[in-house]
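The file my_file-v1.pdb comes next; it holds PDB, C-alpha atoms and all ligand atoms.
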ATOM      1  CA  MET H   1     -32.815  14.997 -46.795
ATOM      2  CA  LYS H   2     -29.556  13.106 -46.859
ATOM      3  CA  ALA H   3     -27.674  16.209 -45.687
ATOM      4  CA  VAL H   4     -30.121  16.690 -42.816
ATOM      5  CA  THR H   5     -29.624  13.077 -41.743
ATOM      6  CA  ARG H   6     -25.852  13.518 -41.786
ATOM      7  CA  VAL H   7     -26.099  16.644 -39.671
ATOM      8  CA  THR H   8     -28.456  14.922 -37.244
ATOM      9  CA  VAL H   9     -26.065  11.968 -36.915
ATOM     10  CA  ALA H  10     -23.118  14.311 -36.378
ATOM     11  CA  VAL H  11     -24.986  16.271 -33.697
ATOM     12  CA  ALA H  12     -26.030  13.029 -32.000
ATOM     13  CA  ALA H  13     -22.439  11.780 -32.088
ATOM     14  CA  LEU H  14     -21.178  15.020 -30.545
ATOM     15  CA  ALA H  15     -23.807  14.762 -27.823
ATOM     16  CA  LEU H  16     -22.688  11.202 -27.115
ATOM     17  CA  ILE H  17     -19.041  12.249 -26.914
ATOM     18  CA  GLY H  18     -20.024  15.067 -24.559
ATOM     19  CA  ALA H  19     -22.032  12.694 -22.377
ATOM     20  CA  SER H  20     -19.263  10.106 -22.200
ATOM     21  CA  GLU H  21     -16.692  12.776 -21.322
ATOM     22  CA  ALA H  22     -18.911  14.023 -18.523
ATOM     23  CA  ARG H  23     -19.283  10.460 -17.250
ATOM     24  CA  ALA H  24     -15.649   9.389 -17.528
ATOM     25  CA  ALA H  25     -14.250  12.571 -15.945
ATOM     26  CA  LEU H  26     -10.729  12.145 -14.577
ATOM     27  CA  LYS H  27      -8.821   8.965 -15.316
ATOM     28  CA  VAL H  28      -6.670   8.075 -12.323
ATOM     29  CA  VAL H  29      -4.037   5.337 -12.264
ATOM     30  CA  ALA H  30      -2.625   4.284  -8.885
ATOM     31  CA  THR H  31       0.435   2.043  -8.637
ATOM     32  CA  THR H  32      -1.098  -0.075  -5.849
ATOM     33  CA  GLN H  33      -4.563  -1.199  -4.796
ATOM     34  CA  ASP H  34      -4.152   0.642  -1.479
ATOM     35  CA  LEU H  35      -3.775   3.993  -3.240
ATOM     36  CA  ALA H  36      -6.521   3.057  -5.724
ATOM     37  CA  SER H  37      -8.899   2.300  -2.858
ATOM     38  CA  ILE H  38      -8.243   5.653  -1.189
ATOM     39  CA  ALA H  39      -8.525   7.514  -4.520
ATOM     40  CA  ARG H  40     -11.848   5.763  -5.194
ATOM     41  CA  ASP H  41     -13.143   6.834  -1.781
ATOM     42  CA  ILE H  42     -12.262  10.466  -2.501
ATOM     43  CA  GLY H  43     -13.057  10.601  -6.234
ATOM     44  CA  GLY H  44     -16.366   8.709  -6.146
ATOM     45  CA  ASP H  45     -18.159   8.742  -9.504
ATOM     46  CA  LYS H  46     -16.153  11.732 -10.766
ATOM     47  CA  VAL H  47     -13.105   9.573 -11.420
ATOM     48  CA  GLN H  48     -12.270   6.321 -13.137
ATOM     49  CA  ILE H  49      -9.620   4.385 -11.177
ATOM     50  CA  ASP H  50      -7.171   1.692 -12.213
ATOM     51  CA  ALA H  51      -4.481   0.015 -10.086
ATOM     52  CA  LEU H  52      -1.282  -1.437 -11.567
ATOM     53  CA  ALA H  53       0.215  -3.784  -8.921
ATOM     54  CA  GLN H  54      -2.169  -6.250  -7.311
ATOM     55  CA  GLY H  55      -2.295  -6.517  -3.524
ATOM     56  CA  TYR H  56      -0.959 -10.082  -3.470
ATOM     57  CA  GLN H  57       2.203  -9.070  -5.386
ATOM     58  CA  ASP H  58       5.478  -7.812  -3.906
ATOM     59  CA  PRO H  59       5.188  -4.081  -4.746
ATOM     60  CA  HIS H  60       8.972  -3.797  -5.121
ATOM     61  CA  PHE H  61       8.995  -6.341  -7.944
ATOM     62  CA  VAL H  62       6.024  -6.088 -10.277
ATOM     63  CA  GLU H  63       6.060  -7.613 -13.745
ATOM     64  CA  PRO H  64       5.221  -4.819 -16.185
ATOM     65  CA  LYS H  65       2.389  -5.577 -18.598
ATOM     66  CA  PRO H  66       1.505  -3.867 -21.911
ATOM     67  CA  SER H  67      -1.900  -3.042 -20.408
ATOM     68  CA  PHE H  68      -0.110  -0.852 -17.815
ATOM     69  CA  ILE H  69       1.277   1.344 -20.618
ATOM     70  CA  LEU H  70      -2.191   1.743 -22.138
ATOM     71  CA  LYS H  71      -3.650   2.759 -18.780
ATOM     72  CA  LEU H  72      -0.854   5.247 -18.171
ATOM     73  CA  HIS H  73      -1.194   6.642 -21.683
ATOM     74  CA  GLY H  74      -4.812   7.634 -21.062
ATOM     75  CA  ALA H  75      -4.391   8.840 -17.465
ATOM     76  CA  ASN H  76      -5.010  12.385 -16.176
ATOM     77  CA  LEU H  77      -3.437  11.533 -12.830
ATOM     78  CA  LEU H  78      -0.883   8.979 -11.635
ATOM     79  CA  VAL H  79      -0.657   8.356  -7.876
ATOM     80  CA  VAL H  80       2.533   6.618  -6.709
ATOM     81  CA  VAL H  81       3.714   5.293  -3.330
ATOM     82  CA  GLY H  82       7.159   6.821  -3.948
ATOM     83  CA  ARG H  83      10.249   6.441  -1.720
ATOM     84  CA  GLU H  84      11.610   4.242  -4.520
ATOM     85  CA  LEU H  85       9.047   1.485  -3.902
ATOM     86  CA  GLU H  86       8.247   1.313  -7.630
ATOM     87  CA  ILE H  87      11.734   2.173  -8.909
ATOM     88  CA  GLY H  88      12.296  -1.294 -10.361
ATOM     89  CA  TRP H  89       9.322  -1.239 -12.700
ATOM     90  CA  LEU H  90       7.503   2.110 -12.978
ATOM     91  CA  PRO H  91       9.963   4.612 -14.557
ATOM     92  CA  ALA H  92      10.245   2.681 -17.850
ATOM     93  CA  LEU H  93       6.450   2.393 -18.039
ATOM     94  CA  ILE H  94       6.007   6.135 -17.508
ATOM     95  CA  THR H  95       8.468   6.814 -20.343
ATOM     96  CA  GLN H  96       6.770   4.341 -22.672
ATOM     97  CA  ALA H  97       3.316   5.743 -21.884
ATOM     98  CA  ARG H  98       4.159   8.979 -23.785
ATOM     99  CA  ASN H  99       1.820  11.049 -21.629
ATOM    100  CA  ALA H 100       3.218  14.451 -20.614
ATOM    101  CA  LYS H 101       0.459  14.875 -17.997
ATOM    102  CA  ILE H 102       1.768  12.145 -15.677
ATOM    103  CA  GLN H 103       5.539  12.614 -15.878
ATOM    104  CA  PRO H 104       7.277  13.182 -12.503
ATOM    105  CA  GLY H 105       6.967  16.871 -11.674
ATOM    106  CA  ALA H 106       3.883  17.397 -13.886
ATOM    107  CA  ASP H 107       0.483  18.346 -12.403
ATOM    108  CA  GLY H 108      -0.852  14.840 -13.014
ATOM    109  CA  TYR H 109       1.852  13.105 -10.940
ATOM    110  CA  LEU H 110       1.171  12.700  -7.228
ATOM    111  CA  ASP H 111       3.804  11.192  -4.931
ATOM    112  CA  ALA H 112       1.707  10.139  -1.918
ATOM    113  CA  SER H 113       4.770   9.879   0.326
ATOM    114  CA  LEU H 114       5.425  13.639   0.310
ATOM    115  CA  THR H 115       2.863  14.386   3.040
ATOM    116  CA  ALA H 116       3.079  11.038   4.871
ATOM    117  CA  LYS H 117       4.990  10.208   8.038
ATOM    118  CA  ILE H 118       8.027   8.267   6.805
ATOM    119  CA  LEU H 119      10.060   6.065   9.149
ATOM    120  CA  GLU H 120      13.573   4.621   8.865
ATOM    121  CA  ILE H 121      14.976   7.493   6.790
ATOM    122  CA  PRO H 122      18.696   6.686   6.525
ATOM    123  CA  THR H 123      21.118   9.204   7.958
ATOM    124  CA  GLY H 124      24.676   9.711   6.848
ATOM    125  CA  GLN H 125      26.091   8.029   3.811
ATOM    126  CA  ILE H 126      23.823   5.518   2.097
ATOM    127  CA  THR H 127      25.476   2.304   0.949
ATOM    128  CA  ARG H 128      24.291  -0.920  -0.665
ATOM    129  CA  ALA H 129      25.124  -2.637   2.630
ATOM    130  CA  MET H 130      21.945  -1.133   4.067
ATOM    131  CA  GLY H 131      19.925  -3.307   1.690
ATOM    132  CA  ASP H 132      18.639  -2.938  -1.789
ATOM    133  CA  VAL H 133      15.166  -1.592  -1.603
ATOM    134  CA  HIS H 134      14.638   1.054   1.112
ATOM    135  CA  PRO H 135      17.226   3.764   0.420
ATOM    136  CA  SER H 136      14.816   6.713   0.934
ATOM    137  CA  GLY H 137      13.077   5.674   4.107
ATOM    138  CA  ASN H 138      10.479   2.976   4.593
ATOM    139  CA  PRO H 139       8.060   2.926   1.635
ATOM    140  CA  HIS H 140       5.419   0.752   3.369
ATOM    141  CA  TYR H 141       4.018   3.803   5.142
ATOM    142  CA  TRP H 142       0.398   3.245   4.025
ATOM    143  CA  LEU H 143       0.161   0.604   6.779
ATOM    144  CA  SER H 144      -0.919   3.155   9.364
ATOM    145  CA  PRO H 145      -4.394   4.715   9.267
ATOM    146  CA  SER H 146      -2.978   8.157  10.077
ATOM    147  CA  ASN H 147      -0.918   7.971   6.895
ATOM    148  CA  GLY H 148      -4.013   6.741   5.039
ATOM    149  CA  ARG H 149      -5.701   9.973   6.099
ATOM    150  CA  ARG H 150      -2.709  12.027   4.871
ATOM    151  CA  ILE H 151      -2.769  10.202   1.519
ATOM    152  CA  ALA H 152      -6.522  10.826   1.210
ATOM    153  CA  GLN H 153      -6.048  14.525   1.888
ATOM    154  CA  ALA H 154      -3.292  14.785  -0.729
ATOM    155  CA  VAL H 155      -5.557  13.011  -3.248
ATOM    156  CA  GLN H 156      -8.443  15.354  -2.390
ATOM    157  CA  GLU H 157      -6.263  18.419  -2.974
ATOM    158  CA  LYS H 158      -4.898  17.048  -6.246
ATOM    159  CA  LEU H 159      -8.326  16.069  -7.613
ATOM    160  CA  SER H 160      -9.672  19.520  -6.677
ATOM    161  CA  GLN H 161      -6.770  21.126  -8.531
ATOM    162  CA  LEU H 162      -7.380  19.029 -11.656
ATOM    163  CA  ASP H 163     -11.184  19.287 -11.507
ATOM    164  CA  PRO H 164     -12.060  22.466  -9.529
ATOM    165  CA  ALA H 165     -15.751  22.257 -10.479
ATOM    166  CA  ASN H 166     -16.052  19.181  -8.234
ATOM    167  CA  ALA H 167     -13.928  20.444  -5.331
ATOM    168  CA  ALA H 168     -16.869  20.549  -2.901
ATOM    169  CA  TYR H 169     -17.765  16.969  -3.839
ATOM    170  CA  PHE H 170     -14.198  15.757  -3.158
ATOM    171  CA  ALA H 171     -14.126  17.655   0.158
ATOM    172  CA  GLN H 172     -17.369  15.964   1.215
ATOM    173  CA  ARG H 173     -16.009  12.544   0.224
ATOM    174  CA  PHE H 174     -12.820  13.212   2.224
ATOM    175  CA  ALA H 175     -14.904  14.135   5.293
ATOM    176  CA  ASP H 176     -16.831  10.850   4.944
ATOM    177  CA  PHE H 177     -13.600   8.844   4.563
ATOM    178  CA  ASP H 178     -12.029  10.628   7.524
ATOM    179  CA  ARG H 179     -15.053   9.798   9.692
ATOM    180  CA  ARG H 180     -15.016   6.135   8.680
ATOM    181  CA  LEU H 181     -11.262   5.902   9.301
ATOM    182  CA  THR H 182     -11.523   7.594  12.725
ATOM    183  CA  GLU H 183     -14.222   5.117  13.785
ATOM    184  CA  GLY H 184     -11.988   2.288  12.532
ATOM    185  CA  GLU H 185      -8.949   3.583  14.421
ATOM    186  CA  LYS H 186     -10.876   3.494  17.703
ATOM    187  CA  ARG H 187     -11.936  -0.095  16.993
ATOM    188  CA  TRP H 188      -8.450  -1.279  15.894
ATOM    189  CA  LYS H 189      -6.617   0.409  18.752
ATOM    190  CA  ALA H 190      -9.055  -1.003  21.308
ATOM    191  CA  ALA H 191      -8.563  -4.501  19.880
ATOM    192  CA  MET H 192      -4.764  -4.162  19.943
ATOM    193  CA  ALA H 193      -4.528  -2.446  23.361
ATOM    194  CA  PRO H 194      -4.260  -5.671  25.424
ATOM    195  CA  TYR H 195      -1.266  -6.747  23.309
ATOM    196  CA  LYS H 196       0.748  -3.541  23.497
ATOM    197  CA  GLY H 197       4.470  -4.265  23.503
ATOM    198  CA  THR H 198       4.149  -7.733  21.938
ATOM    199  CA  LYS H 199       7.459  -8.686  20.356
ATOM    200  CA  ILE H 200       7.314 -10.065  16.842
ATOM    201  CA  VAL H 201       9.586 -10.918  13.930
ATOM    202  CA  THR H 202       8.621 -10.024  10.351
ATOM    203  CA  TYR H 203       9.949 -11.297   7.032
ATOM    204  CA  HIS H 204      10.443  -7.936   5.296
ATOM    205  CA  ARG H 205      10.501  -4.462   6.837
ATOM    206  CA  SER H 206       6.881  -3.840   5.796
ATOM    207  CA  TRP H 207       5.405  -3.053   9.188
ATOM    208  CA  PRO H 208       7.195  -0.210  11.045
ATOM    209  CA  ASN H 209       4.287   2.232  10.639
ATOM    210  CA  PHE H 210       1.779  -0.465  11.598
ATOM    211  CA  ALA H 211       3.872  -1.423  14.649
ATOM    212  CA  ASP H 212       4.268   2.226  15.633
ATOM    213  CA  GLU H 213       0.536   2.879  15.404
ATOM    214  CA  PHE H 214      -0.579  -0.258  17.258
ATOM    215  CA  GLY H 215       2.206  -0.661  19.840
ATOM    216  CA  LEU H 216       4.043  -3.742  18.536
ATOM    217  CA  ASP H 217       7.762  -4.289  19.011
ATOM    218  CA  VAL H 218       9.445  -5.657  15.857
ATOM    219  CA  VAL H 219      12.716  -7.176  17.071
ATOM    220  CA  GLY H 220      14.042  -8.883  13.949
ATOM    221  CA  TYR H 221      13.589  -9.751  10.282
ATOM    222  CA  VAL H 222      13.853 -12.982   8.301
ATOM    223  CA  GLU H 223      15.598 -10.966   5.580
ATOM    224  CA  PRO H 224      19.092  -9.875   6.680
ATOM    225  CA  LYS H 225      18.514  -6.538   4.834
ATOM    226  CA  PRO H 226      15.456  -5.264   2.953
ATOM    227  CA  GLY H 227      15.327  -7.047  -0.391
ATOM    228  CA  ILE H 228      18.113  -9.539   0.499
ATOM    229  CA  PRO H 229      16.991 -13.198   0.814
ATOM    230  CA  PRO H 230      17.616 -15.107   4.068
ATOM    231  CA  THR H 231      21.117 -16.470   4.697
ATOM    232  CA  PRO H 232      21.965 -19.441   6.983
ATOM    233  CA  SER H 233      24.055 -17.349   9.399
ATOM    234  CA  HIS H 234      21.422 -14.615   9.758
ATOM    235  CA  THR H 235      18.716 -17.261  10.225
ATOM    236  CA  LEU H 236      20.712 -18.904  13.013
ATOM    237  CA  ASP H 237      21.233 -15.556  14.777
ATOM    238  CA  LEU H 238      17.513 -14.831  14.483
ATOM    239  CA  ILE H 239      16.574 -18.231  15.942
ATOM    240  CA  ASN H 240      18.846 -17.636  18.951
ATOM    241  CA  GLU H 241      17.456 -14.141  19.480
ATOM    242  CA  MET H 242      13.863 -15.410  19.259
ATOM    243  CA  LYS H 243      14.562 -18.182  21.784
ATOM    244  CA  ARG H 244      16.266 -15.735  24.125
ATOM    245  CA  ARG H 245      13.405 -13.244  23.999
ATOM    246  CA  ASN H 246      10.587 -15.814  23.738
ATOM    247  CA  ILE H 247       9.191 -14.489  20.464
ATOM    248  CA  LYS H 248       6.262 -16.497  19.175
ATOM    249  CA  ILE H 249       4.995 -14.688  16.067
ATOM    250  CA  ILE H 250       6.640 -14.460  12.620
ATOM    251  CA  LEU H 251       4.689 -12.205  10.247
ATOM    252  CA  VAL H 252       5.155 -13.084   6.584
ATOM    253  CA  GLU H 253       3.884 -11.111   3.609
ATOM    254  CA  PRO H 254       1.920 -13.397   1.239
ATOM    255  CA  TYR H 255       4.472 -13.204  -1.611
ATOM    256  CA  PHE H 256       7.461 -14.660   0.260
ATOM    257  CA  ASP H 257       8.580 -18.300   0.336
ATOM    258  CA  LEU H 258       7.567 -19.976   3.602
ATOM    259  CA  LYS H 259      10.506 -22.400   3.737
ATOM    260  CA  THR H 260      12.781 -20.307   5.999
ATOM    261  CA  PRO H 261       9.971 -18.937   8.223
ATOM    262  CA  ASN H 262       8.666 -22.505   8.731
ATOM    263  CA  ALA H 263      12.162 -23.731   9.600
ATOM    264  CA  ILE H 264      12.556 -20.888  12.138
ATOM    265  CA  ALA H 265       9.112 -21.673  13.572
ATOM    266  CA  ARG H 266      10.048 -25.340  14.084
ATOM    267  CA  GLU H 267      13.182 -24.345  16.024
ATOM    268  CA  THR H 268      11.485 -21.712  18.181
ATOM    269  CA  SER H 269       7.896 -23.065  18.502
ATOM    270  CA  ALA H 270       6.787 -19.752  17.038
ATOM    271  CA  ARG H 271       3.835 -19.403  14.740
ATOM    272  CA  VAL H 272       4.076 -18.256  11.107
ATOM    273  CA  LEU H 273       1.326 -15.785  10.331
ATOM    274  CA  VAL H 274       0.806 -14.843   6.680
ATOM    275  CA  MET H 275      -0.570 -11.313   6.885
ATOM    276  CA  PRO H 276      -1.484  -9.230   3.810
ATOM    277  CA  PRO H 277       0.034  -5.731   3.735
ATOM    278  CA  SER H 278      -2.287  -4.475   0.989
ATOM    279  CA  VAL H 279      -5.843  -4.139  -0.227
ATOM    280  CA  GLY H 280      -6.453  -7.144  -2.512
ATOM    281  CA  GLY H 281      -3.877  -9.249  -0.604
ATOM    282  CA  VAL H 282      -6.772 -11.640  -0.021
ATOM    283  CA  PRO H 283     -10.199 -11.328  -1.691
ATOM    284  CA  GLU H 284     -11.901 -10.282   1.596
ATOM    285  CA  ILE H 285      -9.861  -7.054   1.755
ATOM    286  CA  LYS H 286     -11.762  -4.943  -0.738
ATOM    287  CA  ASP H 287     -10.874  -1.474   0.521
ATOM    288  CA  TYR H 288      -8.443   0.413   2.732
ATOM    289  CA  PRO H 289     -10.317   0.296   6.070
ATOM    290  CA  GLN H 290     -10.986  -3.423   5.525
ATOM    291  CA  LEU H 291      -7.203  -3.966   5.371
ATOM    292  CA  PHE H 292      -6.939  -3.008   9.062
ATOM    293  CA  ASP H 293     -10.132  -4.849  10.013
ATOM    294  CA  TYR H 294      -8.659  -8.019   8.524
ATOM    295  CA  ASP H 295      -5.078  -7.672   9.786
ATOM    296  CA  VAL H 296      -5.983  -6.605  13.328
ATOM    297  CA  LYS H 297      -8.383  -9.533  13.681
ATOM    298  CA  LEU H 298      -5.828 -11.996  12.269
ATOM    299  CA  LEU H 299      -2.998 -10.703  14.451
ATOM    300  CA  THR H 300      -4.910 -10.420  17.734
ATOM    301  CA  SER H 301      -6.230 -13.965  17.444
ATOM    302  CA  ALA H 302      -2.714 -15.261  16.638
ATOM    303  CA  ILE H 303      -1.186 -13.441  19.638
ATOM    304  CA  ARG H 304      -3.987 -14.757  21.858
ATOM    305  CA  GLU H 305      -3.420 -18.324  20.673
ATOM    306  CA  ALA H 306       0.364 -18.021  21.047
ATOM    307  CA  GLY H 307      -0.275 -16.946  24.654
ATOM    308  CA  THR H 308       2.675 -14.579  24.739
ATOM    309  CA  ARG H 309       3.449 -10.906  24.598
TER     310      ARG H 309
HETATM  311 ZN    ZN T   1      10.006  -2.916   1.231
END

Could you quickly redo this structure as structure tokens?
Ligand SMILES: [Zn+2]
Amino acid sequence: MKAVTRVTVAVAALALIGASEARAALKVVATTQDLASIARDIGGDKVQIDALAQGYQDPHFVEPKPSFILKLHGANLLVVVGRELEIGWLPALITQARNAKIQPGADGYLDASLTAKILEIPTGQITRAMGDVHPSGNPHYWLSPSNGRRIAQAVQEKLSQLDPANAAYFAQRFADFDRRLTEGEKRWKAAMAPYKGTKIVTYHRSWPNFADEFGLDVVGYVEPKPGIPPTPSHTLDLINEMKRRNIKIILVEPYFDLKTPNAIARETSARVLVMPPSVGGVPEIKDYPQLFDYDVKLLTSAIREAGTR
């Protein structure tokens, strides 16, 4: 009787393990909430998704946490922004995670930049004088819906490779995402159309893909070089340039100090607009299409109020 009970318990335990494996399916870790949102849209209930950096953090400088190593240790797939965005914090975590599946070059490592349209790729010899943080082209490429679509497609292909039994499911989810994004693009482009050519200044070089997609003209940066804090002489040059060209909008990512942008705004009567570049940058932005809904609405109303273009 005792033996039968033991066998029954063992069989029940195996069934439970089987059921939980079927439920958990692929464990995906994305370095940012933008990539996590897209992966969630494609993976649906066949994947379990975790993001490392939060959308309100500067993705170049993320404080590593022990919980990141645990997540990476159990992951089947790691999706990274690439272009050296995470170079300051991710490589050590990947080493410490001791998970062969997600090492660079392994099947469970997806660099989302490989199929994206990348701007500002340096030509010729690369030196530190070009700035610290964008040596391989601009890594903020997710800020255009057409790149969001390319990322989603790369995720769909990778998930189908890792879990071929669910390939049709992932393809269907991609088609749904694509449709939702295409509807969004029409809406966002229509909203931005009256402001085509508006000249703006941004704090960091986060917005070239966004500007390209929606017809903005970024004429200067609060940072003298990407990753280099403002200097008095650069700030003075920028103020003069903004006065000369009548620039009234300064876009600032939520994780930068507002002291210099506010000082520039006082001198130029421009407006400082804190605009999130990522999902999770503010609580209202819960997924990737909502990022554009939020930013386009914020920006168009600021341009309207500034009364300039
Ligand atoms: Zn950057």

- Could you list the residues chosen by the PyMOL selection byres (((chain H and resi 223) around 9) and not hetatm) in this structure as a list of chain:residue names?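 Given this file, the PyMOL selection byres (((chain H and resi 223) around 9) and not hetatm) evaluates to H:Thr202, H:Tyr203, H:His204, H:Arg205, H:Gly220, H:Tyr221, H:Val222, H:Pro224, H:Lys225, H:Pro226, H:Gly227, H:Ile228, H:Pro229, H:Pro230, H:Thr231, H:His234, H:Thr235.
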
- Around ligand ZN 1 (chain T), at most 9 Å away and counting all atoms listed in the file, which residues are there? Put them as a ChimeraX atom specification, please. /H:58-60,85,133-134,138-140,204-206,226-227

- Item | Minimum-distance residue to Glu213 of chain H, chosen among H:Gln125, H:Gln156, H:Asn166, H:Ser146 (using all atoms listed in the file) |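 Answer, going by the shortest atom-to-atom distance: H:Ser146.
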
- List the residues selected by the PyMOL selection byres (((chain H and resi 91) around 12) and not hetatm) in the file shown, writing them as number ranges by chain. H: 31, 64, 68-69, 72, 80, 82, 84-90, 92-98, 102-104

- Query: atom CA of Asn99 of chain H to atom CA of Arg83 of chain H: how many Å, to one decimal?
  - Reply: 22.1 Å

- Please provide the set of residues having any atom within 10 Å of Met192 of chain H, restricted to only C-alpha atoms, with same-chain residues fewer than 6 positions apart removed, written as a VMD selection string. chain H and resid 198 213 to 216 296 to 297 299 to 300 303

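A straight line drawn from atom CA of Leu78 of chain H to atom CA of Phe174 of chain H is 18.8 Å long.
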
- Task: Find the spatial neighbours of Ile42 of chain H, counting all atoms listed in the file, within a cut-off of 8 Å - ignore same-chain residues fewer than 2 positions away - and output them as number ranges by chain.
- Result: H: 38-40, 44, 152, 155-156, 170-171, 173-174, 177

Let me see the file: selected residues, C-alpha atoms, as an mmCIF file, keeping the file's coordinate frame.
data_model
loop_
_atom_site.group_PDB
_atom_site.id
_atom_site.type_symbol
_atom_site.label_atom_id
_atom_site.label_comp_id
_atom_site.auth_asym_id
_atom_site.auth_seq_id
_atom_site.Cartn_x
_atom_site.Cartn_y
_atom_site.Cartn_z
ATOM 1 C CA ILE H 38 -8.243 5.653 -1.189
ATOM 2 C CA ALA H 39 -8.525 7.514 -4.520
ATOM 3 C CA ARG H 40 -11.848 5.763 -5.194
ATOM 4 C CA GLY H 44 -16.366 8.709 -6.146
ATOM 5 C CA ALA H 152 -6.522 10.826 1.210
ATOM 6 C CA VAL H 155 -5.557 13.011 -3.248
ATOM 7 C CA GLN H 156 -8.443 15.354 -2.390
ATOM 8 C CA PHE H 170 -14.198 15.757 -3.158
ATOM 9 C CA ALA H 171 -14.126 17.655 0.158
ATOM 10 C CA ARG H 173 -16.009 12.544 0.224
ATOM 11 C CA PHE H 174 -12.820 13.212 2.224
ATOM 12 C CA PHE H 177 -13.600 8.844 4.563
#

Using the chain letters and numbering of this document, enumerate as a PDB file with C-alpha atoms, in the coordinates of the input the residues selected by the PyMOL selection byres (((chain H and resi 77) around 12) and not hetatm).
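part_0.pdb was written with the following content:
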ATOM      1  CA  ALA H  25     -14.250  12.571 -15.945  1.00  0.00           C
ATOM      2  CA  LEU H  26     -10.729  12.145 -14.577  1.00  0.00           C
ATOM      3  CA  LYS H  27      -8.821   8.965 -15.316  1.00  0.00           C
ATOM      4  CA  VAL H  28      -6.670   8.075 -12.323  1.00  0.00           C
ATOM      5  CA  VAL H  29      -4.037   5.337 -12.264  1.00  0.00           C
ATOM      6  CA  ALA H  30      -2.625   4.284  -8.885  1.00  0.00           C
ATOM      7  CA  THR H  31       0.435   2.043  -8.637  1.00  0.00           C
ATOM      8  CA  ALA H  36      -6.521   3.057  -5.724  1.00  0.00           C
ATOM      9  CA  ALA H  39      -8.525   7.514  -4.520  1.00  0.00           C
ATOM     10  CA  GLY H  43     -13.057  10.601  -6.234  1.00  0.00           C
ATOM     11  CA  VAL H  47     -13.105   9.573 -11.420  1.00  0.00           C
ATOM     12  CA  GLN H  48     -12.270   6.321 -13.137  1.00  0.00           C
ATOM     13  CA  ILE H  49      -9.620   4.385 -11.177  1.00  0.00           C
ATOM     14  CA  ASP H  50      -7.171   1.692 -12.213  1.00  0.00           C
ATOM     15  CA  ALA H  51      -4.481   0.015 -10.086  1.00  0.00           C
ATOM     16  CA  LYS H  71      -3.650   2.759 -18.780  1.00  0.00           C
ATOM     17  CA  LEU H  72      -0.854   5.247 -18.171  1.00  0.00           C
ATOM     18  CA  HIS H  73      -1.194   6.642 -21.683  1.00  0.00           C
ATOM     19  CA  GLY H  74      -4.812   7.634 -21.062  1.00  0.00           C
ATOM     20  CA  ALA H  75      -4.391   8.840 -17.465  1.00  0.00           C
ATOM     21  CA  ASN H  76      -5.010  12.385 -16.176  1.00  0.00           C
ATOM     22  CA  LEU H  78      -0.883   8.979 -11.635  1.00  0.00           C
ATOM     23  CA  VAL H  79      -0.657   8.356  -7.876  1.00  0.00           C
ATOM     24  CA  VAL H  80       2.533   6.618  -6.709  1.00  0.00           C
ATOM     25  CA  ILE H  94       6.007   6.135 -17.508  1.00  0.00           C
ATOM     26  CA  ASN H  99       1.820  11.049 -21.629  1.00  0.00           C
ATOM     27  CA  ALA H 100       3.218  14.451 -20.614  1.00  0.00           C
ATOM     28  CA  LYS H 101       0.459  14.875 -17.997  1.00  0.00           C
ATOM     29  CA  ILE H 102       1.768  12.145 -15.677  1.00  0.00           C
ATOM     30  CA  GLN H 103       5.539  12.614 -15.878  1.00  0.00           C
ATOM     31  CA  PRO H 104       7.277  13.182 -12.503  1.00  0.00           C
ATOM     32  CA  GLY H 105       6.967  16.871 -11.674  1.00  0.00           C
ATOM     33  CA  ALA H 106       3.883  17.397 -13.886  1.00  0.00           C
ATOM     34  CA  ASP H 107       0.483  18.346 -12.403  1.00  0.00           C
ATOM     35  CA  GLY H 108      -0.852  14.840 -13.014  1.00  0.00           C
ATOM     36  CA  TYR H 109       1.852  13.105 -10.940  1.00  0.00           C
ATOM     37  CA  LEU H 110       1.171  12.700  -7.228  1.00  0.00           C
ATOM     38  CA  ASP H 111       3.804  11.192  -4.931  1.00  0.00           C
ATOM     39  CA  VAL H 155      -5.557  13.011  -3.248  1.00  0.00           C
ATOM     40  CA  LYS H 158      -4.898  17.048  -6.246  1.00  0.00           C
ATOM     41  CA  LEU H 159      -8.326  16.069  -7.613  1.00  0.00           C
ATOM     42  CA  SER H 160      -9.672  19.520  -6.677  1.00  0.00           C
ATOM     43  CA  GLN H 161      -6.770  21.126  -8.531  1.00  0.00           C
ATOM     44  CA  LEU H 162      -7.380  19.029 -11.656  1.00  0.00           C
ATOM     45  CA  ASP H 163     -11.184  19.287 -11.507  1.00  0.00           C
TER      46      ASP H 163
END

- Query: How many Å separate atom CA of Gln54 of chain H from atom CA of Gly281 of chain H?
  - Reply: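 It comes out at 7.5 Å.
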
- Query: Which is closest to Asp45 of chain H among H:Ala191, H:Gly184, H:Tyr169, H:Asp178, if we use all atoms listed in the file?
  - Reply: H:Tyr169

Extract segment 77-90 of chain H from the structure I just pasted (atoms: C-alpha atoms) and return it as a CSV table (one decimal), in the first residue's frame.
chain,number,residue,atom,x,y,z
H,77,LEU,CA,16.5,33.7,-25.0
H,78,LEU,CA,18.1,37.0,-24.3
H,79,VAL,CA,17.1,39.9,-26.6
H,80,VAL,CA,19.5,42.9,-26.5
H,81,VAL,CA,19.3,46.4,-28.1
H,82,GLY,CA,23.0,46.0,-29.2
H,83,ARG,CA,25.1,48.7,-30.9
H,84,GLU,CA,27.0,48.9,-27.5
H,85,LEU,CA,23.9,50.4,-25.7
H,86,GLU,CA,24.3,47.9,-22.9
H,87,ILE,CA,28.1,47.6,-23.0
H,88,GLY,CA,28.6,49.3,-19.6
H,89,TRP,CA,26.5,46.8,-17.6
H,90,LEU,CA,25.4,43.7,-19.6
